[in-house]
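Asker: Input structure: structure-v2.cif, which contains mmCIF, C-alpha atoms.
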```
data_model
#
loop_
_atom_site.label_atom_id
_atom_site.label_comp_id
_atom_site.auth_asym_id
_atom_site.auth_seq_id
_atom_site.Cartn_x
_atom_site.Cartn_y
_atom_site.Cartn_z
CA MET C 1 67.61 82.61 175.47
CA ALA C 2 69.93 85.22 174.02
CA LYS C 3 69.32 86.59 170.56
CA ILE C 4 71.05 88.84 168.05
CA VAL C 5 68.83 91.84 167.42
CA ALA C 6 70.94 93.89 165.02
CA GLY C 7 74.11 94.02 162.98
CA ILE C 8 76.24 97.13 162.61
CA ALA C 9 78.89 97.65 159.94
CA CYS C 10 81.32 100.42 160.82
CA SER C 11 84.67 101.66 159.55
CA HIS C 12 87.29 102.10 162.26
CA VAL C 13 89.56 104.88 161.02
CA PRO C 14 91.89 106.09 163.82
CA ALA C 15 91.52 109.73 162.73
CA ILE C 16 87.76 109.52 163.46
CA GLY C 17 88.57 108.65 167.06
CA ALA C 18 91.21 111.37 167.20
CA ALA C 19 88.70 113.97 165.94
CA MET C 20 86.35 113.05 168.80
CA ASP C 21 89.15 112.94 171.37
CA LYS C 22 90.42 116.37 170.27
CA GLY C 23 86.97 117.91 169.91
CA THR C 24 87.28 118.78 166.22
CA THR C 25 84.15 117.02 164.97
CA ASP C 26 82.44 120.35 164.14
CA THR C 27 85.14 121.48 161.71
CA PRO C 28 84.20 121.65 158.01
CA TYR C 29 86.37 118.61 157.33
CA TRP C 30 84.67 116.35 159.88
CA GLN C 31 81.17 117.78 160.26
CA PRO C 32 79.58 115.92 157.31
CA LEU C 33 80.90 112.60 158.57
CA PHE C 34 79.79 113.10 162.17
CA ALA C 35 76.40 114.50 161.23
CA GLY C 36 75.70 111.18 159.57
CA TYR C 37 76.46 109.30 162.77
CA GLU C 38 73.74 111.00 164.82
CA PRO C 39 70.71 109.01 163.59
CA ALA C 40 72.59 105.75 164.19
CA ARG C 41 73.45 106.78 167.75
CA ASP C 42 69.81 107.57 168.43
CA TRP C 43 68.71 104.25 166.98
CA LEU C 44 71.23 102.28 169.03
CA ALA C 45 70.38 104.18 172.23
CA LYS C 46 66.72 103.26 171.75
CA LEU C 47 67.62 99.66 171.01
CA ALA C 48 69.63 99.55 174.27
CA PRO C 49 71.30 96.18 173.69
CA ASP C 50 72.53 94.15 176.68
CA VAL C 51 75.85 93.23 175.11
CA ALA C 52 77.82 93.80 171.90
CA ILE C 53 80.04 91.39 170.01
CA ILE C 54 82.58 93.49 168.13
CA VAL C 55 84.45 91.84 165.27
CA TYR C 56 87.58 93.86 164.54
CA ASN C 57 91.25 93.53 163.84
CA ASP C 58 94.13 94.39 166.09
CA HIS C 59 96.69 96.74 164.52
CA ALA C 60 99.95 95.69 166.15
CA SER C 61 98.61 96.55 169.62
CA ALA C 62 97.63 93.47 171.64
CA LEU C 63 99.22 91.23 169.03
CA SER C 64 102.53 91.53 167.23
CA LEU C 65 103.96 89.26 164.55
CA GLU C 66 105.19 86.98 167.33
CA ILE C 67 101.89 85.09 167.45
CA ILE C 68 99.18 85.63 164.84
CA PRO C 69 95.83 84.05 165.67
CA THR C 70 93.39 84.02 162.76
CA PHE C 71 90.36 84.22 165.06
CA MET C 72 90.58 85.22 168.71
CA ILE C 73 87.91 85.89 171.35
CA GLY C 74 88.39 88.01 174.47
CA VAL C 75 86.88 86.48 177.60
CA ALA C 76 88.17 89.00 180.15
CA GLY C 77 86.09 91.07 182.54
CA GLU C 78 87.61 94.22 181.14
CA PHE C 79 89.85 95.29 178.30
CA PRO C 80 92.25 98.21 178.77
CA ILE C 81 92.78 100.79 176.02
CA ALA C 82 95.96 100.08 174.06
CA ASP C 83 98.86 102.45 173.50
CA GLU C 84 99.27 102.17 169.73
CA GLY C 85 102.32 104.41 169.65
CA PHE C 86 100.84 107.77 170.63
CA GLY C 87 99.40 107.03 174.07
CA PRO C 88 96.05 105.33 174.80
CA ARG C 89 92.86 107.01 173.56
CA PRO C 90 91.13 108.89 176.41
CA VAL C 91 88.05 106.67 176.35
CA PRO C 92 86.51 104.42 179.01
CA VAL C 93 87.93 100.97 179.67
CA VAL C 94 85.85 98.38 177.82
CA GLN C 95 83.91 96.04 180.08
CA GLY C 96 83.66 92.43 178.97
CA HIS C 97 80.97 89.80 179.41
CA PRO C 98 82.95 86.75 180.56
CA GLU C 99 79.94 84.48 180.96
CA LEU C 100 78.67 84.87 177.40
CA ALA C 101 82.23 85.12 176.04
CA TRP C 102 83.23 81.78 177.54
CA HIS C 103 80.01 80.23 176.30
CA LEU C 104 80.83 81.52 172.82
CA ALA C 105 84.41 80.23 173.02
CA GLU C 106 83.28 76.76 174.07
CA SER C 107 80.43 76.61 171.59
CA LEU C 108 82.51 77.85 168.66
CA ILE C 109 85.35 75.43 169.28
CA LEU C 110 82.97 72.48 169.57
CA ASP C 111 81.29 73.78 166.41
CA GLU C 112 84.70 73.38 164.66
CA PHE C 113 85.93 76.98 164.86
CA ASP C 114 89.33 76.78 166.53
CA MET C 115 89.28 80.05 168.43
CA THR C 116 92.26 81.46 170.30
CA ILE C 117 91.13 82.49 173.78
CA ALA C 118 92.44 85.74 175.25
CA ASN C 119 92.23 86.33 179.00
CA GLU C 120 94.13 89.59 178.72
CA MET C 121 94.17 91.93 175.77
CA PRO C 122 94.29 95.68 175.33
CA VAL C 123 91.92 96.90 172.61
CA ASP C 124 92.90 99.45 169.99
CA HIS C 125 91.10 101.84 167.64
CA GLY C 126 89.75 98.89 165.66
CA LEU C 127 87.33 98.28 168.52
CA THR C 128 87.10 101.64 170.27
CA VAL C 129 86.40 103.81 167.21
CA PRO C 130 83.20 101.91 166.31
CA LEU C 131 82.13 102.28 169.95
CA SER C 132 82.82 106.03 169.80
CA VAL C 133 81.04 106.34 166.46
CA THR C 134 77.89 104.59 167.68
CA CYS C 135 77.82 105.61 171.35
CA GLY C 136 79.43 109.06 171.42
CA GLN C 137 81.48 110.05 174.46
CA PRO C 138 79.83 108.60 177.57
CA ALA C 139 81.64 108.31 180.91
CA ALA C 140 81.23 104.53 180.60
CA TRP C 141 80.28 102.47 177.55
CA PRO C 142 76.57 101.63 177.66
CA PHE C 143 77.00 97.87 177.29
CA PRO C 144 79.64 95.19 177.85
CA VAL C 145 81.61 94.03 174.83
CA ILE C 146 82.94 90.71 173.61
CA PRO C 147 85.88 91.36 171.26
CA ILE C 148 86.42 88.97 168.38
CA CYS C 149 89.69 89.69 166.71
CA VAL C 150 90.42 88.65 163.11
CA ASN C 151 93.88 88.66 161.53
CA VAL C 152 93.97 90.95 158.51
CA VAL C 153 97.53 92.23 158.98
CA GLN C 154 99.54 89.18 157.90
CA TYR C 155 98.37 87.86 154.53
CA PRO C 156 96.24 85.84 154.11
CA PRO C 157 93.28 86.81 156.27
CA PRO C 158 90.53 84.20 156.56
CA THR C 159 88.30 84.06 153.48
CA GLY C 160 85.02 85.90 153.33
CA ALA C 161 83.18 82.58 153.21
CA ARG C 162 84.96 81.34 156.34
CA CYS C 163 84.16 84.58 158.13
CA PHE C 164 80.50 84.25 157.16
CA LYS C 165 80.41 80.69 158.54
CA LEU C 166 81.98 81.91 161.79
CA GLY C 167 79.13 84.40 161.99
CA GLN C 168 76.62 81.59 161.53
CA ALA C 169 78.32 79.66 164.34
CA ILE C 170 78.20 82.76 166.56
CA SER C 171 74.48 82.98 165.88
CA ARG C 172 73.98 79.35 166.96
CA ALA C 173 76.12 79.90 170.05
CA VAL C 174 74.21 83.04 171.10
CA ALA C 175 70.89 81.23 170.61
CA SER C 176 72.01 78.46 172.97
CA PHE C 177 72.92 80.83 175.83
CA ASP C 178 70.44 80.45 178.68
CA GLN C 179 69.99 84.12 179.63
CA ASP C 180 67.61 86.55 177.96
CA LEU C 181 70.12 88.88 176.41
CA ARG C 182 69.66 91.13 173.40
CA VAL C 183 72.92 91.19 171.48
CA VAL C 184 74.22 93.43 168.71
CA ILE C 185 77.11 92.36 166.52
CA TYR C 186 79.51 94.77 164.85
CA GLY C 187 81.58 94.09 161.76
CA THR C 188 84.27 96.76 161.54
CA GLY C 189 86.97 98.03 159.18
CA GLY C 190 86.79 99.05 155.53
CA MET C 191 85.56 100.38 153.31
CA SER C 192 87.87 101.04 150.38
CA HIS C 193 91.23 102.36 151.49
CA GLN C 194 94.91 101.89 150.91
CA LEU C 195 97.39 103.16 153.48
CA GLN C 196 100.59 102.02 151.82
CA GLY C 197 102.70 102.26 148.69
CA GLU C 198 102.53 104.57 145.73
CA ARG C 199 98.83 103.73 145.31
CA ALA C 200 97.95 105.05 148.82
CA GLY C 201 94.70 106.96 148.92
CA LEU C 202 92.79 104.63 146.62
CA ILE C 203 89.01 104.92 146.98
CA ASN C 204 86.44 102.95 144.99
CA ARG C 205 82.97 104.31 145.60
CA ARG C 206 81.40 101.95 143.10
CA PHE C 207 82.84 98.85 144.77
CA ASP C 208 81.77 100.15 148.19
CA THR C 209 78.23 100.89 147.06
CA GLU C 210 77.83 97.46 145.53
CA PHE C 211 79.19 95.88 148.69
CA LEU C 212 76.76 97.82 150.90
CA ASP C 213 73.87 96.89 148.61
CA GLY C 214 74.98 93.26 148.60
CA LEU C 215 74.80 92.96 152.40
CA THR C 216 71.02 92.81 152.15
CA ARG C 217 70.51 91.65 148.54
CA ASP C 218 73.12 88.94 148.15
CA PRO C 219 75.25 88.33 151.24
CA ILE C 220 76.29 84.85 150.11
CA GLY C 221 77.43 86.20 146.76
CA LEU C 222 79.61 88.76 148.54
CA THR C 223 81.43 86.02 150.44
CA LYS C 224 82.87 84.74 147.15
CA ILE C 225 85.00 87.84 146.55
CA PRO C 226 88.64 86.67 146.54
CA HIS C 227 91.29 88.52 148.53
CA THR C 228 93.05 89.77 145.40
CA GLU C 229 89.84 91.41 144.22
CA TYR C 230 89.45 93.23 147.55
CA MET C 231 93.06 94.40 147.43
CA ARG C 232 92.87 95.43 143.79
CA GLU C 233 89.41 97.06 143.84
CA ALA C 234 89.10 98.31 147.43
CA GLY C 235 92.76 98.89 148.25
CA SER C 236 95.22 96.71 150.13
CA GLU C 237 93.61 97.57 153.47
CA GLY C 238 90.10 97.22 152.02
CA VAL C 239 90.48 93.49 152.59
CA GLU C 240 89.33 94.30 156.13
CA LEU C 241 85.84 94.00 154.70
CA VAL C 242 86.04 90.23 155.29
CA MET C 243 85.20 91.07 158.91
CA TRP C 244 81.81 92.39 157.86
CA HIS C 245 80.94 88.86 156.72
CA VAL C 246 81.24 87.61 160.31
CA MET C 247 78.60 90.14 161.31
CA ARG C 248 76.40 89.35 158.31
CA GLY C 249 76.68 85.59 158.84
CA ALA C 250 75.37 86.02 162.37
CA LEU C 251 72.13 87.57 161.09
CA HIS C 252 69.09 86.03 159.45
CA GLU C 253 69.11 85.36 155.74
CA ARG C 254 66.76 88.29 155.27
CA VAL C 255 67.32 91.48 157.21
CA SER C 256 66.26 95.06 156.72
CA GLU C 257 68.66 97.93 156.21
CA VAL C 258 67.57 100.64 158.61
CA TYR C 259 70.42 103.10 158.17
CA ARG C 260 73.30 103.83 155.82
CA HIS C 261 75.94 106.55 155.90
CA TYR C 262 78.88 106.74 153.51
CA HIS C 263 81.47 109.50 153.41
CA VAL C 264 84.77 110.21 151.67
CA PRO C 265 87.29 111.06 153.00
CA ALA C 266 88.02 110.16 156.58
CA SER C 267 91.77 110.66 156.37
CA ASN C 268 92.72 108.02 153.74
CA THR C 269 89.50 106.06 153.93
CA ALA C 270 85.94 105.72 152.71
CA ALA C 271 83.99 105.54 155.97
CA ALA C 272 80.65 103.77 156.20
CA LEU C 273 78.12 103.01 158.87
CA MET C 274 75.23 100.64 158.23
CA ILE C 275 72.62 99.19 160.55
CA LEU C 276 70.86 95.93 159.74
CA ASP C 277 67.77 95.08 161.78
CA ASN C 278 67.65 91.38 162.55
CA GLU C 279 64.13 91.43 163.99
CA VAL C 280 62.20 92.84 161.04
CA THR C 281 62.17 90.56 158.05
CA THR C 282 60.91 91.91 154.77
CA MET R 1 106.49 80.04 148.43
CA ASN R 2 108.39 82.61 146.38
CA SER R 3 106.43 82.08 143.19
CA PRO R 4 104.71 85.11 141.69
CA LYS R 5 101.25 85.88 143.07
CA ASP R 6 98.29 87.30 141.22
CA TYR R 7 98.31 90.31 143.57
CA ASP R 8 101.88 91.18 142.51
CA ASP R 9 100.21 92.78 139.50
CA ILE R 10 98.48 95.43 141.64
CA PRO R 11 100.47 98.64 141.12
CA GLY R 12 102.06 100.53 144.03
CA THR R 13 101.04 97.89 146.58
CA TYR R 14 103.18 95.79 148.94
CA VAL R 15 101.11 92.89 150.25
CA TYR R 16 102.45 91.72 153.60
CA ASP R 17 102.63 88.04 152.73
CA SER R 18 104.99 85.25 153.73
CA ARG R 19 107.82 86.63 151.58
CA ARG R 20 107.69 90.03 153.32
CA GLY R 21 106.91 88.45 156.68
CA ARG R 22 110.18 86.54 156.58
CA GLU R 23 112.21 89.52 155.46
CA GLY R 24 110.59 92.11 157.67
CA TYR R 25 110.14 90.36 161.01
CA ALA R 26 112.94 92.14 162.90
CA LEU R 27 112.10 95.51 161.35
CA ASN R 28 108.46 95.24 162.33
CA MET R 29 109.22 93.96 165.81
CA PHE R 30 111.45 97.01 166.34
CA CYS R 31 108.43 99.14 165.37
CA MET R 32 106.25 97.16 167.77
CA SER R 33 108.56 98.12 170.64
CA LEU R 34 107.53 101.76 170.06
CA ASN R 35 104.14 101.01 171.63
CA LYS R 36 105.89 101.67 174.94
CA SER R 37 106.47 105.32 175.76
CA GLU R 38 109.81 104.62 177.45
CA ASN R 39 111.03 102.96 174.25
CA ARG R 40 109.82 105.90 172.17
CA SER R 41 111.94 108.18 174.37
CA LEU R 42 114.99 105.95 174.00
CA PHE R 43 114.59 105.71 170.23
CA LYS R 44 114.17 109.46 169.87
CA ALA R 45 117.18 110.15 172.08
CA ASP R 46 119.58 107.87 170.20
CA PRO R 47 118.07 106.17 167.13
CA GLY R 48 121.25 104.36 166.11
CA ALA R 49 121.89 102.85 169.53
CA TYR R 50 118.26 101.83 169.85
CA LEU R 51 118.31 100.09 166.47
CA ASP R 52 121.40 98.13 167.52
CA ARG R 53 119.07 96.04 169.68
CA TYR R 54 117.41 94.66 166.56
CA LYS R 55 118.87 92.57 163.78
CA LEU R 56 118.04 94.87 160.90
CA SER R 57 119.68 94.58 157.51
CA PRO R 58 121.77 97.60 156.46
CA GLU R 59 119.03 98.62 154.05
CA GLN R 60 116.33 98.33 156.71
CA ARG R 61 118.44 100.39 159.07
CA ARG R 62 119.03 103.05 156.43
CA ALA R 63 115.35 103.22 155.55
CA VAL R 64 114.39 103.73 159.21
CA LEU R 65 117.04 106.34 159.94
CA GLU R 66 116.25 108.27 156.74
CA ARG R 67 112.48 107.85 157.20
CA ASP R 68 112.24 106.33 153.74
CA TRP R 69 108.63 105.15 154.19
CA LEU R 70 108.35 103.53 150.79
CA GLY R 71 111.81 102.00 151.16
CA MET R 72 110.74 100.34 154.43
CA LEU R 73 107.87 98.59 152.63
CA LYS R 74 110.29 97.29 150.01
CA VAL R 75 112.43 95.56 152.66
CA GLY R 76 109.62 93.88 154.56
CA GLY R 77 108.06 96.73 156.52
CA ASN R 78 104.35 96.45 157.29
CA ILE R 79 102.52 99.76 157.29
CA TYR R 80 100.69 99.03 160.57
CA TYR R 81 104.13 98.66 162.16
CA THR R 82 106.20 101.30 160.35
CA ILE R 83 103.52 103.89 161.06
CA LYS R 84 104.60 103.72 164.72
CA ILE R 85 107.88 105.38 163.69
CA ALA R 86 105.82 108.13 162.08
CA PHE R 87 103.76 108.54 165.28
CA CYS R 88 107.08 109.04 167.11
CA ASP R 89 107.80 111.88 164.69
CA GLY R 90 104.35 113.42 165.20
CA LEU R 91 103.20 112.45 161.71
CA THR R 92 99.81 111.01 160.75
CA PHE R 93 98.77 108.22 158.41
CA GLN R 94 97.80 110.84 155.88
CA ASP R 95 101.22 112.55 156.05
CA VAL R 96 102.97 109.24 155.42
CA ALA R 97 100.55 108.20 152.67
CA GLY R 98 101.33 111.43 150.83
CA MET R 99 105.07 110.86 151.15
CA MET R 100 104.79 107.26 149.94
CA SER R 101 102.84 108.31 146.90
CA GLY R 102 105.44 110.98 146.17
CA VAL R 103 103.35 114.13 146.22
CA PRO R 104 103.32 117.21 148.47
CA LYS R 105 101.08 116.99 151.51
CA GLU R 106 98.61 119.51 150.17
CA THR R 107 98.29 117.68 146.85
CA TYR R 108 97.51 114.44 148.67
CA VAL R 109 94.98 116.05 151.02
CA ASN R 110 93.23 117.67 148.06
CA MET R 111 93.15 114.37 146.18
CA MET R 112 91.40 112.77 149.15
CA LEU R 113 88.95 115.67 149.47
CA ALA R 114 88.13 115.22 145.80
CA GLY R 115 87.14 111.59 146.39
CA GLY R 116 90.47 109.82 146.64
CA ARG R 117 92.78 108.17 144.13
CA SER R 118 90.73 106.78 141.27
CA ILE R 119 90.65 103.04 140.70
CA ASP R 120 90.57 103.61 136.97
CA GLY R 121 94.04 103.07 135.58
CA ASN R 122 95.26 101.76 138.93
CA ARG R 123 94.19 98.12 138.77
CA HIS R 124 97.03 96.38 136.91
CA LYS R 125 100.72 96.93 136.33
CA SER R 126 100.51 94.80 133.23
CA ARG R 127 97.73 96.61 131.41
CA PRO R 128 97.80 100.14 130.07
CA PRO R 129 95.19 102.37 131.73
CA GLU R 130 93.21 102.73 128.51
CA ALA R 131 92.65 98.95 128.42
CA GLU R 132 90.67 99.14 131.66
CA SER R 133 87.03 99.85 131.77
#
```
Please express what this file holds, its structure, as structure tokens.
Answerer:
Amino acid sequence: MAKIVAGIACSHVPAIGAAMDKGTTDTPYWQPLFAGYEPARDWLAKLAPDVAIIVYNDHASALSLEIIPTFMIGVAGEFPIADEGFGPRPVPVVQGHPELAWHLAESLILDEFDMTIANEMPVDHGLTVPLSVTCGQPAAWPFPVIPICVNVVQYPPPTGARCFKLGQAISRAVASFDQDLRVVIYGTGGMSHQLQGERAGLINRRFDTEFLDGLTRDPIGLTKIPHTEYMREAGSEGVELVMWHVMRGALHERVSEVYRHYHVPASNTAAALMILDNEVTT
Amino acid sequence: MNSPKDYDDIPGTYVYDSRRGREGYALNMFCMSLNKSENRSLFKADPGAYLDRYKLSPEQRRAVLERDWLGMLKVGGNIYYTIKIAFCDGLTFQDVAGMMSGVPKETYVNMMLAGGRSIDGNRHKSRPPEAES
């Protein structure tokens, strides 16, 4: 039987990937952010999961406004790196896990989550930056990945509560897979940031801190935050935090926070990395 | 569908909802085409001719040609799409964010280094900053 062993929350700022790709992570601007990633990389390397489910959003890369799936799962054997408008990131192609991915797709749909199924999709910084943040710069990614893509570009994204329930359904689906796989699930995006308009650059440390605290103390309460509150308090792009609820919903009711890193700024964004251990209950 | 929304009260923010989605579709799909390097070359070589392929309104066309980043948002542009024009120009998200908020690049960078734009006083158009806690 497969099981989810950990949840990872990780911001996916493109400039973080660019700093790694250009080798500028030791500069005074970036060093404090990247120093905080090291313990998480060590922890994940020791955990050595068999597969990762990465919940992220596409940023006009695989998907345009032509077709806008609310929830989509990638079932391919591999996912090429997208050209987002400045050439593809120089990172390894992402290997998929078609067997588990198809099992998830079938299970989720029969569990009343109407997933869009993608046989071909390039993946953008939304997925590759969290991989870079948590795995560094290996010649090949250390585990296969199942991308789950959530619309947060065209308003409205799915609600936090719906995302949490999808996570619960993912947990049931993983538990019913007949191979002994240890799975990690990533929720990506956030934290507070606004990329657009005269209010660009908004950061709300207090909101972010309460959100991070709430992931262990009151995850259900967090799912009740309405979209307008995210956009007002955490910036228009802060609404990406709904994706963290998918990750949290896939974990046990009680989990232990094993690592937290929070840094401002990463370009326009408050960047966070949090690890939740799903095997130690407190 | 066009009734006021509670998020319309957030200052300096252009939520990409159905109203903007209907207005901005062609503009954003033009931006989407810039994911291909050959299209980036064509657009850079002759912006006007390239834009003729897309059914932009005169105001959308002006905003693109003049790189009026804020203006693009006001006529249906979505930042995840319009940023691709900026990438063509060699600009970053932070460059464009500074221009949209109307301050010099250095001022914007320093604001971010100091912890970002404060939420206090930036929650509501309809309430004076001192009414917020």
Asker: Just how far from atom CA of Tyr230 of chain C is atom CA of Ile83 of chain R, in Å to one decimal?
Answerer: 22.2 Å
Asker: Please provide the set of residues having any atom within 6 Å of segment 257-265 of chain C, restricted to all atoms listed in the file, with same-chain residues fewer than 4 positions apart removed, written as an mmCIF file with C-alpha atoms, keeping the file's coordinate frame.
Answerer:
```cif
data_model
loop_
_atom_site.group_PDB
_atom_site.id
_atom_site.type_symbol
_atom_site.label_atom_id
_atom_site.label_comp_id
_atom_site.auth_asym_id
_atom_site.auth_seq_id
_atom_site.Cartn_x
_atom_site.Cartn_y
_atom_site.Cartn_z
ATOM 1 C CA GLY C 36 75.700 111.180 159.570
ATOM 2 C CA THR C 269 89.500 106.060 153.930
ATOM 3 C CA ALA C 270 85.940 105.720 152.710
ATOM 4 C CA ALA C 271 83.990 105.540 155.970
ATOM 5 C CA ALA C 272 80.650 103.770 156.200
ATOM 6 C CA LEU C 273 78.120 103.010 158.870
ATOM 7 C CA MET C 274 75.230 100.640 158.230
ATOM 8 C CA ILE C 275 72.620 99.190 160.550
ATOM 9 C CA LEU C 276 70.860 95.930 159.740
ATOM 10 C CA MET R 112 91.400 112.770 149.150
ATOM 11 C CA GLY R 115 87.140 111.590 146.390
#
```
Asker: Write out, as CSV, each residue of chain C that has an atom at most 8 Å from chain R, together with the closest pair of atoms and their distance in Å to one decimal, counting only C-alpha atoms, rows going by chain and rising number.
Answerer:
```
residue,atom,partner,partner_atom,distance
C:His59,CA,R:Tyr80,CA,6.1
C:Ala60,CA,R:Tyr81,CA,6.5
C:Ser61,CA,R:Asn35,CA,7.4
C:Ser64,CA,R:Met32,CA,6.8
C:Leu65,CA,R:Met29,CA,7.2
C:Asp83,CA,R:Asn35,CA,5.8
C:Glu84,CA,R:Asn35,CA,5.4
C:Gly85,CA,R:Asn35,CA,4.3
C:Phe86,CA,R:Phe87,CA,6.1
C:Gly87,CA,R:Ser37,CA,7.5
C:Val153,CA,R:Tyr16,CA,7.3
C:Gln154,CA,R:Tyr16,CA,5.8
C:Tyr155,CA,R:Asp17,CA,4.6
C:Pro156,CA,R:Asp17,CA,6.9
C:Leu195,CA,R:Ala97,CA,6.0
C:Gln196,CA,R:Ile79,CA,6.2
C:Gly197,CA,R:Gly12,CA,5.0
C:Glu198,CA,R:Ser101,CA,3.9
C:Arg199,CA,R:Gly12,CA,4.7
C:Ala200,CA,R:Ala97,CA,5.6
C:Gly201,CA,R:Arg117,CA,5.3
C:Leu202,CA,R:Arg117,CA,4.3
C:Ile203,CA,R:Gly116,CA,5.1
C:Asn204,CA,R:Ile119,CA,6.0
C:Thr228,CA,R:Tyr7,CA,5.6
C:Met231,CA,R:Tyr7,CA,7.7
C:Arg232,CA,R:Arg123,CA,5.8
C:Glu233,CA,R:Ile119,CA,6.9
C:Ser236,CA,R:Thr13,CA,6.9
C:Val264,CA,R:Gly115,CA,5.9
C:Pro265,CA,R:Met112,CA,5.9
C:Ser267,CA,R:Gln94,CA,6.1
C:Asn268,CA,R:Gln94,CA,6.2
```
Asker: Which residue gives the smallest distance to Gly160 of chain C among C:Gly23, C:Pro226, C:Gly74, C:Pro80, with all atoms listed in the file counted?
Answerer: C:Pro226
Asker: Can you work out the spacing between atom CA of Val55 of chain C and atom CA of Gln194 of chain C in Å, to one decimal?
Answerer: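 Taking atom CA of Val55 of chain C as the start and atom CA of Gln194 of chain C as the end point, the length is 20.4 Å.
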Asker: Taking the file above as input, evaluate the PyMOL selection byres ((chain C and resi 112-125) around 6) and report the hits as JSON, numbers by chain.
Answerer: {"C": [14, 62, 71, 72, 73, 74, 75, 76, 79, 80, 81, 82, 108, 109, 110, 111, 126, 127, 128, 129]}
Asker: Pick the closest to Lys165 of chain C from C:Ala45, C:Val94, C:Met243, C:Ala2: which is it, counting all atoms listed in the file?
Answerer: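 Of C:Ala45, C:Val94, C:Met243, C:Ala2, the one nearest Lys165 of chain C, counting all atoms listed in the file, is C:Met243.
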Asker: Expressed in Å to a single decimal, how great is the separation between atom CA of Pro49 of chain C and atom CA of Thr216 of chain C?
Answerer: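 Pair atom CA of Pro49 of chain C / atom CA of Thr216 of chain C returns 21.8 Å.
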Asker: On this structure, which residues satisfy the PyMOL selection byres ((chain C and resi 130-140) around 9), written as a PDB file with C-alpha atoms, in the coordinates of the input?
Answerer:
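What follows is the written file result_6.pdb:
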```pdb
ATOM      1  CA  ALA C   9      78.890  97.650 159.940  1.00  0.00           C
ATOM      2  CA  CYS C  10      81.320 100.420 160.820  1.00  0.00           C
ATOM      3  CA  SER C  11      84.670 101.660 159.550  1.00  0.00           C
ATOM      4  CA  HIS C  12      87.290 102.100 162.260  1.00  0.00           C
ATOM      5  CA  VAL C  13      89.560 104.880 161.020  1.00  0.00           C
ATOM      6  CA  ILE C  16      87.760 109.520 163.460  1.00  0.00           C
ATOM      7  CA  GLY C  17      88.570 108.650 167.060  1.00  0.00           C
ATOM      8  CA  MET C  20      86.350 113.050 168.800  1.00  0.00           C
ATOM      9  CA  ASP C  21      89.150 112.940 171.370  1.00  0.00           C
ATOM     10  CA  PHE C  34      79.790 113.100 162.170  1.00  0.00           C
ATOM     11  CA  TYR C  37      76.460 109.300 162.770  1.00  0.00           C
ATOM     12  CA  GLU C  38      73.740 111.000 164.820  1.00  0.00           C
ATOM     13  CA  ALA C  40      72.590 105.750 164.190  1.00  0.00           C
ATOM     14  CA  ARG C  41      73.450 106.780 167.750  1.00  0.00           C
ATOM     15  CA  ASP C  42      69.810 107.570 168.430  1.00  0.00           C
ATOM     16  CA  LEU C  44      71.230 102.280 169.030  1.00  0.00           C
ATOM     17  CA  ALA C  45      70.380 104.180 172.230  1.00  0.00           C
ATOM     18  CA  ILE C  54      82.580  93.490 168.130  1.00  0.00           C
ATOM     19  CA  VAL C  91      88.050 106.670 176.350  1.00  0.00           C
ATOM     20  CA  PRO C  92      86.510 104.420 179.010  1.00  0.00           C
ATOM     21  CA  VAL C  93      87.930 100.970 179.670  1.00  0.00           C
ATOM     22  CA  VAL C  94      85.850  98.380 177.820  1.00  0.00           C
ATOM     23  CA  GLN C  95      83.910  96.040 180.080  1.00  0.00           C
ATOM     24  CA  HIS C 125      91.100 101.840 167.640  1.00  0.00           C
ATOM     25  CA  GLY C 126      89.750  98.890 165.660  1.00  0.00           C
ATOM     26  CA  LEU C 127      87.330  98.280 168.520  1.00  0.00           C
ATOM     27  CA  THR C 128      87.100 101.640 170.270  1.00  0.00           C
ATOM     28  CA  VAL C 129      86.400 103.810 167.210  1.00  0.00           C
ATOM     29  CA  TRP C 141      80.280 102.470 177.550  1.00  0.00           C
ATOM     30  CA  PRO C 142      76.570 101.630 177.660  1.00  0.00           C
ATOM     31  CA  PHE C 143      77.000  97.870 177.290  1.00  0.00           C
ATOM     32  CA  TYR C 186      79.510  94.770 164.850  1.00  0.00           C
ATOM     33  CA  THR C 188      84.270  96.760 161.540  1.00  0.00           C
ATOM     34  CA  GLY C 189      86.970  98.030 159.180  1.00  0.00           C
ATOM     35  CA  LEU C 273      78.120 103.010 158.870  1.00  0.00           C
TER      36      LEU C 273
END
```
Asker: What do you get, as a compact mmCIF listing (two decimals) with C-alpha atoms, in the frame of the given file, if you spell out every residue that the PyMOL selection byres ((chain C and resi 7) around 10) selects here?
Answerer:
```
# COMPACT_ATOMS: atom_id res chain seq x y z
CA ILE C 4 71.05 88.84 168.05
CA VAL C 5 68.83 91.84 167.42
CA ALA C 6 70.94 93.89 165.02
CA ILE C 8 76.24 97.13 162.61
CA ALA C 9 78.89 97.65 159.94
CA CYS C 10 81.32 100.42 160.82
CA ALA C 52 77.82 93.80 171.90
CA ILE C 53 80.04 91.39 170.01
CA ILE C 54 82.58 93.49 168.13
CA VAL C 183 72.92 91.19 171.48
CA VAL C 184 74.22 93.43 168.71
CA ILE C 185 77.11 92.36 166.52
CA TYR C 186 79.51 94.77 164.85
CA GLY C 187 81.58 94.09 161.76
CA TRP C 244 81.81 92.39 157.86
CA VAL C 246 81.24 87.61 160.31
CA MET C 247 78.60 90.14 161.31
CA ARG C 248 76.40 89.35 158.31
CA GLY C 249 76.68 85.59 158.84
CA ALA C 250 75.37 86.02 162.37
CA LEU C 251 72.13 87.57 161.09
CA VAL C 255 67.32 91.48 157.21
CA GLU C 257 68.66 97.93 156.21
CA MET C 274 75.23 100.64 158.23
CA ILE C 275 72.62 99.19 160.55
CA LEU C 276 70.86 95.93 159.74
CA ASP C 277 67.77 95.08 161.78
CA ASN C 278 67.65 91.38 162.55
```
